[in-house]
$ cat protein36.tsv   # TSV, C-alpha atoms and all ligand atoms
chain	number	residue	atom	x	y	z
A	76	MET	CA	29.48	-1.19	-1.96
A	77	LYS	CA	28.46	1.44	0.57
A	78	ASP	CA	25.17	2.04	-1.21
A	79	ARG	CA	24.51	-1.67	-1.34
A	80	ILE	CA	25.07	-2.02	2.41
A	81	ARG	CA	22.81	0.97	3.09
A	82	GLN	CA	20.12	-0.60	0.96
A	83	ILE	CA	20.41	-3.89	2.86
A	84	ILE	CA	20.19	-1.99	6.17
A	85	GLU	CA	16.90	-0.44	4.99
A	86	GLU	CA	15.56	-3.83	3.90
A	87	VAL	CA	16.46	-5.38	7.23
A	88	LYS	CA	14.82	-2.54	9.13
A	89	GLU	CA	11.59	-2.95	7.20
A	90	TYR	CA	11.43	-6.72	7.25
A	91	ARG	CA	8.78	-8.30	9.48
A	92	ALA	CA	8.88	-12.02	10.20
A	93	GLY	CA	5.40	-13.47	10.03
A	94	SER	CA	6.32	-16.80	11.59
A	95	GLU	CA	9.15	-18.59	13.36
A	96	TYR	CA	9.95	-20.22	10.04
A	97	ASP	CA	10.35	-16.79	8.41
A	98	ALA	CA	12.60	-15.66	11.26
A	99	GLU	CA	14.90	-18.64	10.81
A	100	ALA	CA	15.00	-18.16	7.02
A	101	PHE	CA	15.94	-14.52	7.66
A	102	ARG	CA	18.76	-15.56	10.00
A	103	ILE	CA	20.16	-18.04	7.48
A	104	LYS	CA	19.88	-15.58	4.58
A	105	TYR	CA	21.85	-12.85	6.34
A	106	LEU	CA	23.87	-14.44	9.15
A	107	GLY	CA	24.29	-18.02	7.93
A	108	LYS	CA	27.70	-19.42	6.95
A	109	LYS	CA	26.99	-18.73	3.30
A	110	GLY	CA	24.86	-15.70	4.19
A	111	LEU	CA	25.00	-12.17	2.87
A	112	LEU	CA	26.99	-10.75	5.74
A	113	ASN	CA	29.88	-13.17	5.19
A	114	ASP	CA	29.81	-12.40	1.48
A	115	LEU	CA	30.06	-8.72	2.24
A	116	PHE	CA	32.98	-9.23	4.61
A	117	ALA	CA	34.71	-11.20	1.83
A	118	ASP	CA	34.13	-8.32	-0.62
A	119	PHE	CA	35.47	-5.89	1.96
A	120	LYS	CA	38.99	-7.17	1.28
A	121	SER	CA	38.97	-5.49	-2.11
A	122	VAL	CA	37.69	-2.12	-0.88
A	123	LEU	CA	40.10	0.77	-1.56
A	124	ALA	CA	42.07	2.10	1.39
A	125	GLU	CA	40.30	5.48	1.46
A	126	ASP	CA	36.89	3.81	1.65
A	127	ARG	CA	37.75	1.20	4.21
A	128	LYS	CA	36.91	3.17	7.31
A	129	GLU	CA	33.39	4.16	6.26
A	130	THR	CA	32.58	0.82	4.64
A	131	GLY	CA	33.84	-1.06	7.69
A	132	GLN	CA	31.68	1.06	9.95
A	133	LEU	CA	28.61	0.35	7.78
A	134	LEU	CA	29.33	-3.36	7.81
A	135	ASN	CA	29.56	-3.36	11.59
A	136	ASP	CA	26.30	-1.42	11.81
A	137	LEU	CA	24.62	-4.00	9.61
A	138	LYS	CA	26.02	-6.85	11.68
A	139	SER	CA	24.70	-5.52	14.98
A	140	LEU	CA	21.37	-4.61	13.39
A	141	LEU	CA	20.98	-8.17	12.08
A	142	GLN	CA	21.81	-9.65	15.46
A	143	LYS	CA	19.30	-7.32	17.09
A	144	ARG	CA	16.54	-8.19	14.60
A	145	VAL	CA	17.08	-11.94	15.00
A	146	ASP	CA	16.90	-11.57	18.81
A	147	GLN	CA	13.74	-9.47	18.50
A	148	PHE	CA	12.01	-12.03	16.29
A	149	LYS	CA	12.95	-14.84	18.67
A	150	ALA	CA	11.74	-12.96	21.71
A	151	GLY	CA	8.51	-12.04	19.92
A	152	PHE	CA	7.64	-15.62	19.04
A	153	LYS	CA	8.57	-16.86	22.51
A	154	SER	CA	6.22	-14.43	24.22
A	155	GLN	CA	3.51	-15.21	21.70
A	156	GLU	CA	3.89	-18.89	22.49
A	157	ALA	CA	3.70	-18.19	26.20
A	158	SER	CA	0.60	-16.04	25.92
A	159	SER	CA	-1.24	-18.26	23.47
A	160	ALA	CA	-0.49	-21.22	25.68
A	161	SER	CA	-2.20	-19.59	28.63
A	162	PHE	CA	-4.77	-17.09	27.37
A	163	SER	CA	-5.25	-14.43	24.75
A	164	ASP	CA	-5.14	-10.96	26.21
A	165	LEU	CA	-7.63	-9.06	24.08
A	166	SER	CA	-6.70	-5.77	25.67
A	167	LEU	CA	-3.16	-5.85	24.24
A	168	PRO	CA	-2.57	-3.15	21.65
A	169	VAL	CA	-2.61	-4.51	18.12
A	170	ASP	CA	-0.27	-3.56	15.31
A	171	PHE	CA	-1.73	-0.39	13.83
A	172	GLN	CA	-2.56	-0.96	10.20
A	173	GLU	CA	-2.90	2.36	8.54
A	174	THR	CA	-5.93	2.62	6.30
A	175	GLY	CA	-5.81	4.68	3.14
A	176	SER	CA	-7.95	7.73	2.61
A	177	ARG	CA	-9.73	9.19	-0.34
A	178	HIS	CA	-8.27	12.15	-2.17
A	179	PRO	CA	-10.13	15.36	-1.22
A	180	VAL	CA	-10.97	15.98	-4.90
A	181	SER	CA	-12.57	12.51	-5.07
A	182	ILE	CA	-14.52	13.12	-1.88
A	183	VAL	CA	-15.96	16.37	-3.23
A	184	LEU	CA	-16.56	14.94	-6.70
A	185	ASN	CA	-18.46	11.96	-5.25
A	186	LYS	CA	-20.61	14.31	-3.21
A	187	MET	CA	-21.38	16.42	-6.29
A	188	ILE	CA	-22.37	13.30	-8.23
A	189	GLU	CA	-24.59	12.20	-5.35
A	190	VAL	CA	-26.43	15.53	-5.30
A	191	PHE	CA	-27.08	15.50	-9.06
A	192	ASN	CA	-28.07	11.84	-8.98
A	193	LYS	CA	-30.83	12.82	-6.58
A	194	LEU	CA	-32.12	15.24	-9.22
A	195	GLY	CA	-32.09	12.50	-11.84
A	196	PHE	CA	-28.83	13.40	-13.62
A	197	PRO	CA	-26.91	10.21	-14.39
A	198	VAL	CA	-23.13	10.26	-14.95
A	199	ALA	CA	-21.64	9.93	-18.42
A	200	GLU	CA	-17.99	10.16	-19.36
A	201	ASP	CA	-16.01	10.57	-22.53
A	202	ARG	CA	-12.49	11.03	-23.89
A	203	GLU	CA	-9.86	13.48	-22.62
A	204	ILE	CA	-8.11	13.72	-25.99
A	205	GLU	CA	-10.51	15.61	-28.21
A	206	ASP	CA	-10.76	17.00	-31.70
A	207	ASP	CA	-11.40	20.63	-32.56
A	208	TRP	CA	-15.03	19.96	-33.48
A	209	HIS	CA	-16.09	18.63	-30.06
A	210	ASN	CA	-13.93	20.92	-27.93
A	211	PHE	CA	-14.54	24.15	-29.86
A	212	THR	CA	-16.33	24.27	-33.20
A	213	ALA	CA	-19.54	22.44	-32.32
A	214	LEU	CA	-19.66	24.54	-29.14
A	215	ASN	CA	-19.93	27.64	-31.28
A	216	PHE	CA	-16.42	29.00	-30.69
A	217	PRO	CA	-15.56	31.41	-33.51
A	218	LEU	CA	-12.42	30.43	-35.41
A	219	ASP	CA	-10.42	33.31	-33.96
A	220	HIS	CA	-11.54	32.80	-30.33
A	221	PRO	CA	-8.59	33.30	-27.95
A	222	ALA	CA	-9.30	30.00	-26.14
A	223	ARG	CA	-8.05	28.20	-29.24
A	224	ASP	CA	-4.68	29.86	-28.78
A	225	MET	CA	-1.59	27.82	-28.12
A	226	GLN	CA	-1.43	29.51	-24.70
A	227	ASP	CA	-4.51	27.79	-23.39
A	228	THR	CA	-4.64	24.49	-25.20
A	229	PHE	CA	-2.28	21.53	-25.21
A	230	PHE	CA	-2.29	20.36	-28.80
A	231	ILE	CA	-0.96	17.02	-29.90
A	232	GLU	CA	2.29	17.85	-31.65
A	233	THR	CA	1.68	15.93	-34.84
A	234	ASN	CA	-1.92	17.01	-35.38
A	235	PRO	CA	-3.28	20.52	-34.66
A	236	ASP	CA	-6.82	19.16	-34.86
A	237	ILE	CA	-6.32	17.04	-31.74
A	238	ALA	CA	-5.88	18.46	-28.23
A	239	LEU	CA	-6.33	17.65	-24.57
A	240	ARG	CA	-9.82	18.87	-23.79
A	241	THR	CA	-9.85	22.29	-22.17
A	242	HIS	CA	-13.26	21.75	-20.58
A	243	THR	CA	-15.86	19.02	-20.10
A	244	SER	CA	-18.29	20.96	-22.34
A	245	SER	CA	-16.96	18.74	-25.15
A	246	VAL	CA	-18.91	15.86	-23.58
A	247	GLN	CA	-22.15	17.81	-24.14
A	248	ILE	CA	-21.57	17.36	-27.87
A	249	ARG	CA	-20.52	13.72	-27.56
A	250	TYR	CA	-23.62	13.04	-25.47
A	251	MET	CA	-26.05	14.81	-27.79
A	252	GLU	CA	-24.62	12.88	-30.74
A	253	LYS	CA	-25.63	9.65	-29.04
A	254	HIS	CA	-28.80	10.62	-27.14
A	255	LYS	CA	-31.84	12.49	-28.28
A	256	PRO	CA	-33.99	14.66	-25.99
A	257	PRO	CA	-35.38	14.52	-23.44
A	258	LEU	CA	-31.89	14.13	-22.00
A	259	ARG	CA	-30.23	14.98	-18.76
A	260	ALA	CA	-26.76	14.03	-17.49
A	261	ILE	CA	-23.60	15.20	-15.76
A	262	PHE	CA	-20.12	14.73	-17.14
A	263	PRO	CA	-17.32	14.74	-14.57
A	264	GLY	CA	-13.71	14.56	-15.65
A	265	ARG	CA	-10.21	15.94	-16.03
A	266	VAL	CA	-9.45	18.96	-18.14
A	267	TYR	CA	-6.15	20.51	-19.22
A	268	ARG	CA	-4.97	24.04	-19.87
A	269	ASN	CA	-1.61	25.39	-20.84
A	270	GLU	CA	-1.33	27.72	-17.84
A	271	ALA	CA	1.49	28.67	-15.53
A	272	ILE	CA	1.03	26.74	-12.28
A	273	SER	CA	0.29	28.90	-9.24
A	274	ALA	CA	-1.79	28.82	-6.05
A	275	ARG	CA	-4.87	29.71	-8.12
A	276	ALA	CA	-4.27	28.01	-11.48
A	277	HIS	CA	-3.10	24.61	-12.65
A	278	CYS	CA	-2.56	22.92	-15.99
A	279	LEU	CA	-4.76	20.03	-14.86
A	280	PHE	CA	-8.02	20.16	-12.94
A	281	HIS	CA	-11.49	18.64	-12.79
A	282	GLN	CA	-14.92	19.83	-13.84
A	283	VAL	CA	-18.46	18.58	-13.59
A	284	GLU	CA	-20.51	19.56	-16.61
A	285	GLY	CA	-24.30	19.39	-16.57
A	286	LEU	CA	-26.77	19.28	-19.44
A	287	TYR	CA	-30.54	19.16	-19.61
A	288	VAL	CA	-32.45	19.32	-22.90
A	289	ASP	CA	-36.19	18.93	-23.25
A	290	LYS	CA	-39.28	20.81	-24.39
A	291	ASN	CA	-39.82	24.03	-22.44
A	292	VAL	CA	-36.67	23.95	-20.32
A	293	SER	CA	-36.28	27.45	-18.90
A	294	PHE	CA	-33.79	29.59	-17.07
A	295	ALA	CA	-35.93	29.15	-13.95
A	296	ASP	CA	-35.26	25.38	-14.11
A	297	LEU	CA	-31.54	26.10	-14.30
A	298	LYS	CA	-31.68	28.46	-11.36
A	299	GLN	CA	-33.64	26.08	-9.15
A	300	THR	CA	-31.32	23.16	-10.00
A	301	LEU	CA	-28.25	25.18	-9.08
A	302	LEU	CA	-29.80	26.54	-5.89
A	303	TYR	CA	-30.57	22.99	-4.77
A	304	PHE	CA	-27.00	21.96	-5.63
A	305	ALA	CA	-25.45	24.85	-3.69
A	306	GLN	CA	-27.57	24.22	-0.60
A	307	GLU	CA	-26.80	20.50	-0.60
A	308	MET	CA	-23.05	21.09	-0.99
A	309	PHE	CA	-22.75	23.89	1.55
A	310	ASP	CA	-25.73	24.44	3.82
A	311	ALA	CA	-29.42	25.14	3.65
A	312	ASN	CA	-28.90	28.88	4.20
A	313	THR	CA	-26.58	29.26	1.21
A	314	LYS	CA	-27.76	31.92	-1.21
A	315	ILE	CA	-26.96	32.11	-4.91
A	316	ARG	CA	-26.52	35.04	-7.26
A	317	LEU	CA	-26.37	34.89	-11.07
A	318	ARG	CA	-24.34	37.50	-12.93
A	319	PRO	CA	-24.62	37.97	-16.70
A	320	SER	CA	-21.59	36.60	-18.51
A	321	PHE	CA	-20.54	35.21	-21.89
A	322	PHE	CA	-19.78	31.72	-23.16
A	323	PRO	CA	-19.96	30.90	-26.88
A	324	PHE	CA	-22.12	27.82	-26.27
A	325	THR	CA	-24.81	29.39	-24.05
A	326	GLU	CA	-27.19	32.29	-24.56
A	327	PRO	CA	-27.92	33.89	-22.19
A	328	SER	CA	-24.88	32.98	-20.09
A	329	ALA	CA	-24.22	33.58	-16.43
A	330	GLU	CA	-21.69	33.03	-13.70
A	331	MET	CA	-22.99	31.90	-10.36
A	332	ASP	CA	-21.76	33.07	-6.97
A	333	ILE	CA	-22.71	31.61	-3.62
A	334	SER	CA	-22.84	33.54	-0.38
A	335	CYS	CA	-19.39	33.04	1.18
A	336	ASN	CA	-19.50	29.89	3.28
A	337	ILE	CA	-16.51	31.00	5.30
A	338	CYS	CA	-17.65	34.36	6.67
A	339	GLY	CA	-21.38	33.78	6.09
A	340	GLY	CA	-21.47	36.81	3.80
A	341	LYS	CA	-19.96	39.31	6.23
A	342	GLY	CA	-16.75	39.64	4.20
A	343	CYS	CA	-13.38	37.90	4.49
A	344	ASN	CA	-10.25	37.45	2.39
A	345	ILE	CA	-11.64	34.36	0.62
A	346	CYS	CA	-14.56	36.36	-0.80
A	347	LYS	CA	-12.37	39.46	-1.05
A	348	TYR	CA	-14.77	41.24	1.31
A	349	THR	CA	-17.69	40.99	-1.12
A	350	GLY	CA	-19.59	38.24	0.71
A	351	TRP	CA	-19.83	36.22	-2.54
A	352	VAL	CA	-17.64	33.61	-4.24
A	353	GLU	CA	-17.89	32.43	-7.81
A	354	ILE	CA	-18.36	28.69	-8.28
A	355	LEU	CA	-19.57	28.00	-11.82
A	356	GLY	CA	-20.54	29.08	-15.32
A	357	CYS	CA	-23.92	28.27	-16.82
A	358	GLY	CA	-26.58	29.28	-19.30
A	359	MET	CA	-29.21	28.23	-21.80
A	360	VAL	CA	-27.73	26.00	-24.52
A	361	ASP	CA	-27.21	28.14	-27.62
A	362	PRO	CA	-29.60	26.99	-30.41
A	363	ALA	CA	-26.61	26.71	-32.75
A	364	VAL	CA	-25.11	24.05	-30.46
A	365	LEU	CA	-28.33	22.03	-30.51
A	366	GLU	CA	-28.44	22.28	-34.30
A	367	ASN	CA	-24.78	21.14	-34.53
A	368	CYS	CA	-25.96	17.94	-32.84
A	369	ASN	CA	-29.02	17.57	-35.07
A	370	ILE	CA	-31.47	18.58	-32.37
A	371	ASP	CA	-34.32	20.82	-33.51
A	372	SER	CA	-33.82	24.09	-31.61
A	373	LYS	CA	-37.39	25.19	-32.33
A	374	GLU	CA	-38.74	22.20	-30.49
A	375	TYR	CA	-36.18	21.86	-27.71
A	376	THR	CA	-34.36	24.12	-25.27
A	377	GLY	CA	-31.77	23.25	-22.68
A	378	PHE	CA	-29.53	24.47	-19.93
A	379	ALA	CA	-25.89	23.66	-19.19
A	380	PHE	CA	-23.40	24.40	-16.46
A	381	GLY	CA	-19.74	23.72	-15.68
A	382	ILE	CA	-18.39	23.54	-12.14
A	383	GLY	CA	-14.74	23.44	-11.07
A	384	VAL	CA	-14.24	20.59	-8.62
A	385	GLU	CA	-11.00	21.87	-7.06
A	386	ARG	CA	-12.66	25.24	-6.58
A	387	MET	CA	-15.44	23.55	-4.58
A	388	ALA	CA	-12.86	21.62	-2.56
A	389	LEU	CA	-10.89	24.81	-1.81
A	390	LEU	CA	-14.03	26.42	-0.42
A	391	LEU	CA	-15.37	23.40	1.45
A	392	TYR	CA	-12.07	22.61	3.14
A	393	GLN	CA	-10.76	26.17	3.28
A	394	ILE	CA	-7.54	25.40	1.44
A	395	ASN	CA	-5.67	28.30	-0.08
A	396	ASP	CA	-3.36	26.64	-2.60
A	397	LEU	CA	-4.48	24.55	-5.57
A	398	ARG	CA	-1.08	22.94	-5.98
A	399	LEU	CA	-1.55	20.95	-2.77
A	400	PHE	CA	-4.08	18.72	-4.56
A	401	PHE	CA	-1.50	17.47	-7.04
A	402	GLU	CA	1.64	17.06	-4.97
A	403	ASN	CA	0.70	13.76	-3.34
A	404	ASP	CA	2.04	14.82	0.04
A	405	LEU	CA	0.60	12.26	2.45
A	406	ARG	CA	0.65	14.73	5.34
A	407	PHE	CA	-1.84	16.83	3.40
A	408	LEU	CA	-3.89	14.00	1.90
A	409	LYS	CA	-4.37	12.12	5.18
A	410	GLN	CA	-6.42	14.94	6.62
A	411	PHE	CA	-9.48	14.26	4.48
A	412	ARG	CA	-11.19	11.18	5.74
A	413	SER	CA	-14.72	12.32	6.01
A	414	VAL	CA	-17.35	13.03	3.45
A	415	VAL	CA	-18.41	16.67	3.39
B	1	LIG	N1	-16.75	25.37	-20.14
B	1	LIG	C1	-16.68	26.53	-19.28
B	1	LIG	C2	-15.27	26.69	-18.75
B	1	LIG	O1	-14.52	25.74	-18.74
B	1	LIG	C3	-17.62	26.40	-18.11
B	1	LIG	C4	-19.06	26.43	-18.52
B	1	LIG	C5	-19.71	27.64	-18.61
B	1	LIG	C6	-19.73	25.27	-18.84
B	1	LIG	C7	-21.04	27.70	-18.98
B	1	LIG	C8	-21.07	25.32	-19.22
B	1	LIG	C9	-21.73	26.58	-19.27
B	1	LIG	O2	-21.78	24.22	-19.54
B	1	LIG	O3	-23.02	26.59	-19.63
B	1	LIG	O4	-14.91	27.75	-18.34
$ encode --input "protein36.tsv" --output "structure tokens"
Amino acid sequence: MKDRIRQIIEEVKEYRAGSEYDAEAFRIKYLGKKGLLNDLFADFKSVLAEDRKETGQLLNDLKSLLQKRVDQFKAGFKSQEASSASFSDLSLPVDFQETGSRHPVSIVLNKMIEVFNKLGFPVAEDREIEDDWHNFTALNFPLDHPARDMQDTFFIETNPDIALRTHTSSVQIRYMEKHKPPLRAIFPGRVYRNEAISARAHCLFHQVEGLYVDKNVSFADLKQTLLYFAQEMFDANTKIRLRPSFFPFTEPSAEMDISCNICGGKGCNICKYTGWVEILGCGMVDPAVLENCNIDSKEYTGFAFGIGVERMALLLYQINDLRLFFENDLRFLKQFRSVV
């Protein structure tokens, strides 16, 4: 019974009467002869002796709260009547209606899409539950590649061929199955990895994949595209640096750093005093990947890249813990109203 009374107290506190009619209906529902309060007092007779004191106190609290609310509603409508009868005072404060805000990851993702749209990359999306062919094999992952390990991939229990995609690179394959070159698109979406959750890693995050395949696409095209992207996302003075790396689906492969937007390259704890922070992986599409999608690798070349969206958001908003993005704490989320 105590819980029920507490619940009613909460309801009463939250209730707002929109009209005089509502206020009267409220009064009858709770304080009327056959109202809830009388029912509760009737039930009180059967409350056990040891619970009587606390329950009685709660009932009395509810009673005075109800009386107070009814008086407040009455007074509110009276003063409204009085003021609307004479004049409307436009300077009176209005009820503050809180507006929602976009999630910081959405804000950053939308900005990334906008930048690539300007370069003529449309958005395409595909499934999050993938088969081995699209997530690994067609992307040239050798059978014994560690990324196929149970540690990294969430497999579907009943079928080891099906898994939650570990990267958006799978959409490259899906896209090239449906479109023939010249082609150019970005693929934003959620990806999943079987990782221990910490400030720097999560089992769920977002990537934006990019793909461009045409005749004579070169590494210089890739570099210029990514430089434009970095300068639009951060500022016009942002520098980029490409370091050789390895991915099974690109050759050559690189990782791209930008000059640290926080210290301007002087050195701080975000860039670990190097002046550079890594933001993406990229490279020239491996001919074997093109061939897996029935695209003639002698005629066509392409570049691809994959960018971590949370990583961009961490840098742009100077946040130091990835977990904050997924906890749905309104005090955190409310801070991001503007577009970067
Ligand atoms: N798929 C890679 C990852 O999740 C990122 C990546 C690297 C994507 C290089 C690419 C690329 O398209 O060319 O770590």
$ residues_near_ligand --input "protein36.tsv" --ligand "ligand LIG 1 (chain B)" --cutoff "6 Å" --atoms "all atoms listed in the file" --output "list in words"
His242, Ser244, Glu284, Phe322, Thr325, Gly356, Cys357, Gly358, Ala379, Phe380 and Gly381 of chain A
$ atom_distance --input "protein36.tsv" --atom1 "atom CA of Leu137 of chain A" --atom2 "atom CA of Ser154 of chain A"
25.7 Å
$ residues_around --input "protein36.tsv" --residues "segment 260-274 of chain A" --least-positions-apart "3" --cutoff "6 Å" --atoms "all atoms listed in the file" --output "ChimeraX atom specification"
/A:196-200,226-229,240-242,277-286,396-398
$ atom_distance --input "protein36.tsv" --atom1 "atom CA of Pro323 of chain A" --atom2 "atom CA of Val180 of chain A"
28.0 Å
$ residues_near_point --input "protein36.tsv" --point "(32.2, -5.7, 3.2)" --cutoff "12 Å" --atoms "only C-alpha atoms" --output "PyMOL selection string"
chain A and resi 76-81+83+111-123+126-138
$ residues_around --input "protein36.tsv" --residues "Asp296 of chain A" --least-positions-apart "4" --cutoff "10 Å" --atoms "all atoms listed in the file" --output "ChimeraX atom specification"
/A:287,291-292,300-302,377-378
$ atom_distance --input "protein36.tsv" --atom1 "atom CA of Arg177 of chain A" --atom2 "atom CA of Glu89 of chain A"
25.7 Å
$ axis_aligned_box --input "protein36.tsv" --around "segment 392-401 of chain A" --padding-each-side "4 Å" --output "JSON"
{"center_x": -6.6, "center_y": 22.9, "center_z": -1.9, "size_x": 19.0, "size_y": 18.8, "size_z": 18.3}
$ closest_residue --input "protein36.tsv" --among "A:Phe148, A:Gly339, A:Asn403, A:Thr212" --to "Tyr96 of chain A" --atoms "all atoms listed in the file"
A:Phe148
$ closest_residue --input "protein36.tsv" --among "A:Thr376, A:Asp332, A:Ala311, A:Thr349" --to "Lys290 of chain A" --atoms "only C-alpha atoms"
A:Thr376
$ closest_residue --input "protein36.tsv" --among "A:Ala222, A:Leu297, A:Val190, A:Ile315" --to "Ser328 of chain A" --atoms "all atoms listed in the file"
A:Leu297
